[in-house]
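> Below is the file structure.cif, which contains mmCIF, C-alpha atoms.
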```
data_upload
#
loop_
_atom_site.label_atom_id
_atom_site.label_comp_id
_atom_site.auth_asym_id
_atom_site.auth_seq_id
_atom_site.Cartn_x
_atom_site.Cartn_y
_atom_site.Cartn_z
CA MET A 230 7.03 31.65 -7.27
CA ASP A 231 10.45 31.16 -5.73
CA GLU A 232 11.82 34.66 -5.12
CA LYS A 233 15.46 33.57 -5.28
CA GLU A 234 14.92 31.91 -8.68
CA TYR A 235 13.10 35.02 -9.88
CA VAL A 236 16.05 37.26 -8.92
CA ILE A 237 18.54 34.89 -10.58
CA LEU A 238 16.58 34.97 -13.85
CA LYS A 239 16.14 38.75 -13.83
CA THR A 240 19.83 39.28 -13.17
CA ALA A 241 20.76 36.78 -15.89
CA ILE A 242 18.60 38.67 -18.40
CA LEU A 243 20.32 41.93 -17.49
CA ASN A 244 23.76 40.31 -17.80
CA GLU A 245 22.91 39.03 -21.28
CA LEU A 246 21.56 42.45 -22.30
CA GLU A 247 24.80 44.06 -21.15
CA GLY A 248 26.78 41.51 -23.18
CA GLU A 249 24.68 42.11 -26.28
CA THR A 250 25.06 45.87 -25.95
CA PHE A 251 28.80 45.62 -25.45
CA TYR A 252 29.31 43.36 -28.47
CA ARG A 253 27.20 45.65 -30.68
CA LEU A 254 29.24 48.66 -29.55
CA ALA A 255 32.44 46.75 -30.22
CA ALA A 256 31.21 45.79 -33.70
CA ASP A 257 30.42 49.43 -34.43
CA ASN A 258 33.91 50.53 -33.45
CA VAL A 259 36.30 48.00 -34.96
CA LYS A 260 37.80 48.48 -38.40
CA ASN A 261 38.39 44.86 -39.34
CA PRO A 262 35.25 43.44 -41.03
CA ASP A 263 35.92 39.93 -39.71
CA MET A 264 36.12 41.26 -36.16
CA ARG A 265 32.91 43.19 -36.76
CA GLU A 266 31.13 40.00 -37.88
CA ALA A 267 32.48 38.07 -34.89
CA PHE A 268 31.19 40.71 -32.45
CA LEU A 269 27.80 40.80 -34.19
CA TYR A 270 27.64 37.01 -33.94
CA LEU A 271 28.32 37.19 -30.21
CA ALA A 272 25.68 39.92 -29.80
CA LYS A 273 23.14 37.65 -31.48
CA GLU A 274 24.10 34.79 -29.17
CA GLU A 275 23.55 37.02 -26.12
CA GLN A 276 20.18 38.06 -27.56
CA ASN A 277 19.21 34.37 -27.89
CA HIS A 278 20.12 33.82 -24.23
CA GLN A 279 17.89 36.73 -23.25
CA GLN A 280 14.92 35.30 -25.15
CA ILE A 281 15.21 31.92 -23.45
CA LEU A 282 15.61 33.50 -20.02
CA LYS A 283 12.68 35.89 -20.58
CA TYR A 284 10.47 32.99 -21.59
CA MET A 285 11.34 31.14 -18.41
CA LEU A 286 10.72 34.27 -16.35
CA GLU A 287 7.30 34.73 -17.98
CA GLN A 288 6.41 31.13 -17.13
CA MET A 289 7.54 31.61 -13.55
CA THR A 290 5.65 34.89 -13.17
CA ALA A 291 2.48 33.26 -14.53
CA GLY A 292 2.83 30.50 -11.94
CA LYS A 293 3.44 27.84 -14.57
CA ASP A 294 5.92 25.03 -14.34
CA ILE A 295 9.15 26.32 -15.77
CA SER A 296 10.15 24.41 -18.82
CA VAL A 297 11.80 25.25 -22.05
CA GLU A 298 13.05 23.00 -24.77
CA ILE A 299 16.74 23.68 -24.91
CA THR A 300 17.93 23.23 -28.44
CA ASN A 301 20.83 24.61 -30.35
CA LEU A 302 22.78 25.46 -27.22
CA GLU A 303 26.07 24.77 -28.90
CA ALA A 304 29.33 26.54 -28.40
CA ILE A 305 30.37 29.22 -30.83
CA SER A 306 31.17 27.76 -34.23
CA PRO A 307 34.81 26.84 -34.63
CA GLY A 308 36.46 29.30 -36.93
CA ILE A 309 34.02 32.17 -36.33
CA PHE A 310 37.14 34.24 -35.89
CA LYS A 311 39.22 34.09 -39.05
CA LEU A 312 42.62 34.45 -37.48
CA SER A 313 44.60 34.42 -40.71
CA GLU A 314 42.39 37.14 -42.19
CA ALA A 315 42.61 39.23 -39.03
CA ALA A 316 46.30 39.71 -39.71
CA GLY A 317 47.52 43.20 -40.29
CA LYS A 318 47.68 46.18 -38.04
CA VAL A 319 45.95 45.40 -34.77
CA ASP A 320 43.63 48.20 -33.75
CA ASN A 321 43.72 49.02 -30.03
CA ILE A 322 39.92 48.88 -29.85
CA GLU A 323 39.99 45.30 -31.17
CA ILE A 324 42.35 43.98 -28.54
CA SER A 325 40.63 45.96 -25.77
CA ALA A 326 37.17 44.78 -26.82
CA VAL A 327 38.28 41.13 -26.98
CA SER A 328 39.94 41.44 -23.57
CA THR A 329 36.78 42.94 -22.09
CA GLY A 330 34.68 40.26 -23.77
CA ILE A 331 36.81 37.61 -22.08
CA LEU A 332 36.14 39.16 -18.68
CA MET A 333 32.42 39.33 -19.40
CA GLU A 334 32.25 35.72 -20.56
CA LYS A 335 34.17 34.55 -17.48
CA ALA A 336 31.73 36.45 -15.28
CA SER A 337 28.80 34.84 -17.11
CA VAL A 338 30.27 31.36 -16.68
CA ASP A 339 30.76 32.00 -12.96
CA TYR A 340 27.24 33.43 -12.61
CA TYR A 341 25.56 30.50 -14.36
CA ARG A 342 27.62 27.95 -12.43
CA GLN A 343 26.55 29.55 -9.17
CA ALA A 344 22.94 29.84 -10.37
CA SER A 345 22.96 26.13 -11.23
CA LEU A 346 24.22 25.25 -7.76
CA THR A 347 21.55 27.33 -6.00
CA SER A 348 18.62 26.65 -8.33
CA VAL A 349 15.79 24.57 -6.89
CA ASN A 350 14.04 24.04 -10.22
CA VAL A 351 15.37 21.20 -12.35
CA ASN A 352 14.57 23.00 -15.62
CA THR A 353 16.31 26.24 -14.69
CA LYS A 354 19.23 24.24 -13.31
CA ASN A 355 19.48 22.46 -16.67
CA LEU A 356 19.27 25.78 -18.52
CA TYR A 357 22.06 27.30 -16.40
CA GLU A 358 24.27 24.27 -16.96
CA ASN A 359 23.72 24.55 -20.72
CA LEU A 360 24.41 28.28 -20.63
CA VAL A 361 27.72 27.57 -18.86
CA GLN A 362 28.72 25.43 -21.84
CA TRP A 363 27.55 28.04 -24.33
CA GLU A 364 29.45 30.83 -22.59
CA MET A 365 32.53 28.58 -22.28
CA GLY A 366 32.50 28.23 -26.07
CA HIS A 367 32.47 32.00 -26.41
CA LEU A 368 35.23 32.32 -23.84
CA GLU A 369 37.49 29.78 -25.53
CA GLU A 370 37.13 31.45 -28.94
CA LEU A 371 37.72 34.92 -27.49
CA GLU A 372 40.85 33.66 -25.73
CA LYS A 373 42.15 32.29 -29.05
CA ILE A 374 41.61 35.58 -30.85
CA TYR A 375 43.10 37.51 -27.93
CA ASP A 376 46.26 35.40 -28.04
CA PHE A 377 46.50 36.00 -31.78
CA LEU A 378 45.90 39.76 -31.46
CA ARG A 379 48.29 40.06 -28.53
CA GLN A 380 51.08 38.38 -30.48
CA SER A 381 50.36 40.56 -33.52
CA TRP A 382 50.37 43.66 -31.32
CA PHE A 383 53.72 42.65 -29.77
CA GLU A 384 55.18 42.26 -33.25
CA GLN A 385 53.81 45.66 -34.32
CA GLN A 386 55.51 47.24 -31.33
CA GLY A 387 58.79 45.62 -32.25
CA PHE A 388 58.87 43.63 -29.03
CA SER A 389 61.22 40.73 -29.50
CA SER A 390 60.28 37.31 -28.17
CA SER A 391 63.93 36.62 -27.31
#
```
Could you rewrite the structure in this file as structure tokens?


Amino acid sequence: MDEKEYVILKTAILNELEGETFYRLAADNVKNPDMREAFLYLAKEEQNHQQILKYMLEQMTAGKDISVEITNLEAISPGIFKLSEAAGKVDNIEISAVSTGILMEKASVDYYRQASLTSVNVNTKNLYENLVQWEMGHLEELEKIYDFLRQSWFEQQGFSSS
């Protein structure tokens, strides 16, 4: 077993667990039902990542060749965030949670990119590259909702764009 690969996988599992926990906490604390659903969707995605990574870690620990069929590693569905329905009073927890989610997704993208560069196993390298794309999809959608919430918040505060 390659110790470096083992540490990368364990750390990746922890990172995904932290993401899942954060998104579940965010879902529990936002008032907007669409935001709640979006955070629960992201939590489920992070849970899926954990399952794939745990499977690979189990294979590695058992001394087996690491392989996993990577299916359904698509970016977050377009429109998961219903921007028009999210209109109304922006709750501070919503904008803060989305902002924090962006930072977490950026960190995940960076982590998986680095893991892909240092991985010696072709299957884990492939997994990390796919996870970069998956996390990028999350990041792009979170950035869209953040821009929308930020603009709505500015308007609520009476900040003029001129």

> Would you list the contacts of Leu368 (chain A) as a compact mmCIF listing (two decimals) with C-alpha atoms, in the coordinates of the input, taking every protein, DNA or RNA residue within 8 Å and counting all atoms listed in the file, but skipping same-chain residues closer than 2 positions in sequence?


```
# COMPACT_ATOMS: atom_id res chain seq x y z
CA GLY A 330 34.68 40.26 -23.77
CA ILE A 331 36.81 37.61 -22.08
CA GLU A 334 32.25 35.72 -20.56
CA LYS A 335 34.17 34.55 -17.48
CA GLU A 364 29.45 30.83 -22.59
CA MET A 365 32.53 28.58 -22.28
CA GLY A 366 32.50 28.23 -26.07
CA GLU A 370 37.13 31.45 -28.94
CA LEU A 371 37.72 34.92 -27.49
CA GLU A 372 40.85 33.66 -25.73
```

> Would you translate the PyMOL selection byres ((chain A and resi 381) around 8) into the concrete set of residues it matches in this file, as a count of residues only?

12

> Using only C-alpha atoms, collect all residues at a distance of at most 12 Å from (9.9, 31.3, -21.2) as written in the file, then present them as JSON, numbers by chain.

{"A": [238, 242, 277, 278, 279, 280, 281, 282, 283, 284, 285, 286, 287, 288, 289, 290, 291, 292, 293, 294, 295, 296, 297, 298, 299, 352, 353, 356]}

> Using C-alpha atoms, can you export the residues from the last selection as a PDB file, keeping the file's coordinate frame?


```pdb
ATOM      1  CA  LEU A 238      16.580  34.970 -13.850  1.00  0.00           C
ATOM      2  CA  ILE A 242      18.600  38.670 -18.400  1.00  0.00           C
ATOM      3  CA  ASN A 277      19.210  34.370 -27.890  1.00  0.00           C
ATOM      4  CA  HIS A 278      20.120  33.820 -24.230  1.00  0.00           C
ATOM      5  CA  GLN A 279      17.890  36.730 -23.250  1.00  0.00           C
ATOM      6  CA  GLN A 280      14.920  35.300 -25.150  1.00  0.00           C
ATOM      7  CA  ILE A 281      15.210  31.920 -23.450  1.00  0.00           C
ATOM      8  CA  LEU A 282      15.610  33.500 -20.020  1.00  0.00           C
ATOM      9  CA  LYS A 283      12.680  35.890 -20.580  1.00  0.00           C
ATOM     10  CA  TYR A 284      10.470  32.990 -21.590  1.00  0.00           C
ATOM     11  CA  MET A 285      11.340  31.140 -18.410  1.00  0.00           C
ATOM     12  CA  LEU A 286      10.720  34.270 -16.350  1.00  0.00           C
ATOM     13  CA  GLU A 287       7.300  34.730 -17.980  1.00  0.00           C
ATOM     14  CA  GLN A 288       6.410  31.130 -17.130  1.00  0.00           C
ATOM     15  CA  MET A 289       7.540  31.610 -13.550  1.00  0.00           C
ATOM     16  CA  THR A 290       5.650  34.890 -13.170  1.00  0.00           C
ATOM     17  CA  ALA A 291       2.480  33.260 -14.530  1.00  0.00           C
ATOM     18  CA  GLY A 292       2.830  30.500 -11.940  1.00  0.00           C
ATOM     19  CA  LYS A 293       3.440  27.840 -14.570  1.00  0.00           C
ATOM     20  CA  ASP A 294       5.920  25.030 -14.340  1.00  0.00           C
ATOM     21  CA  ILE A 295       9.150  26.320 -15.770  1.00  0.00           C
ATOM     22  CA  SER A 296      10.150  24.410 -18.820  1.00  0.00           C
ATOM     23  CA  VAL A 297      11.800  25.250 -22.050  1.00  0.00           C
ATOM     24  CA  GLU A 298      13.050  23.000 -24.770  1.00  0.00           C
ATOM     25  CA  ILE A 299      16.740  23.680 -24.910  1.00  0.00           C
ATOM     26  CA  ASN A 352      14.570  23.000 -15.620  1.00  0.00           C
ATOM     27  CA  THR A 353      16.310  26.240 -14.690  1.00  0.00           C
ATOM     28  CA  LEU A 356      19.270  25.780 -18.520  1.00  0.00           C
TER      29      LEU A 356
END
```

> Would you mind reading off the distance between CA of Ala256 (chain A) and CA of Leu269 (chain A), one decimal, in Å?

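Those two atoms sit 6.1 Å apart.
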
> Figure out the distance between CA of Leu332 (chain A) and CA of Leu346 (chain A), please, to one decimal in Å.

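For CA of Leu346 (chain A) relative to CA of Leu332 (chain A), the distance reads 21.3 Å.
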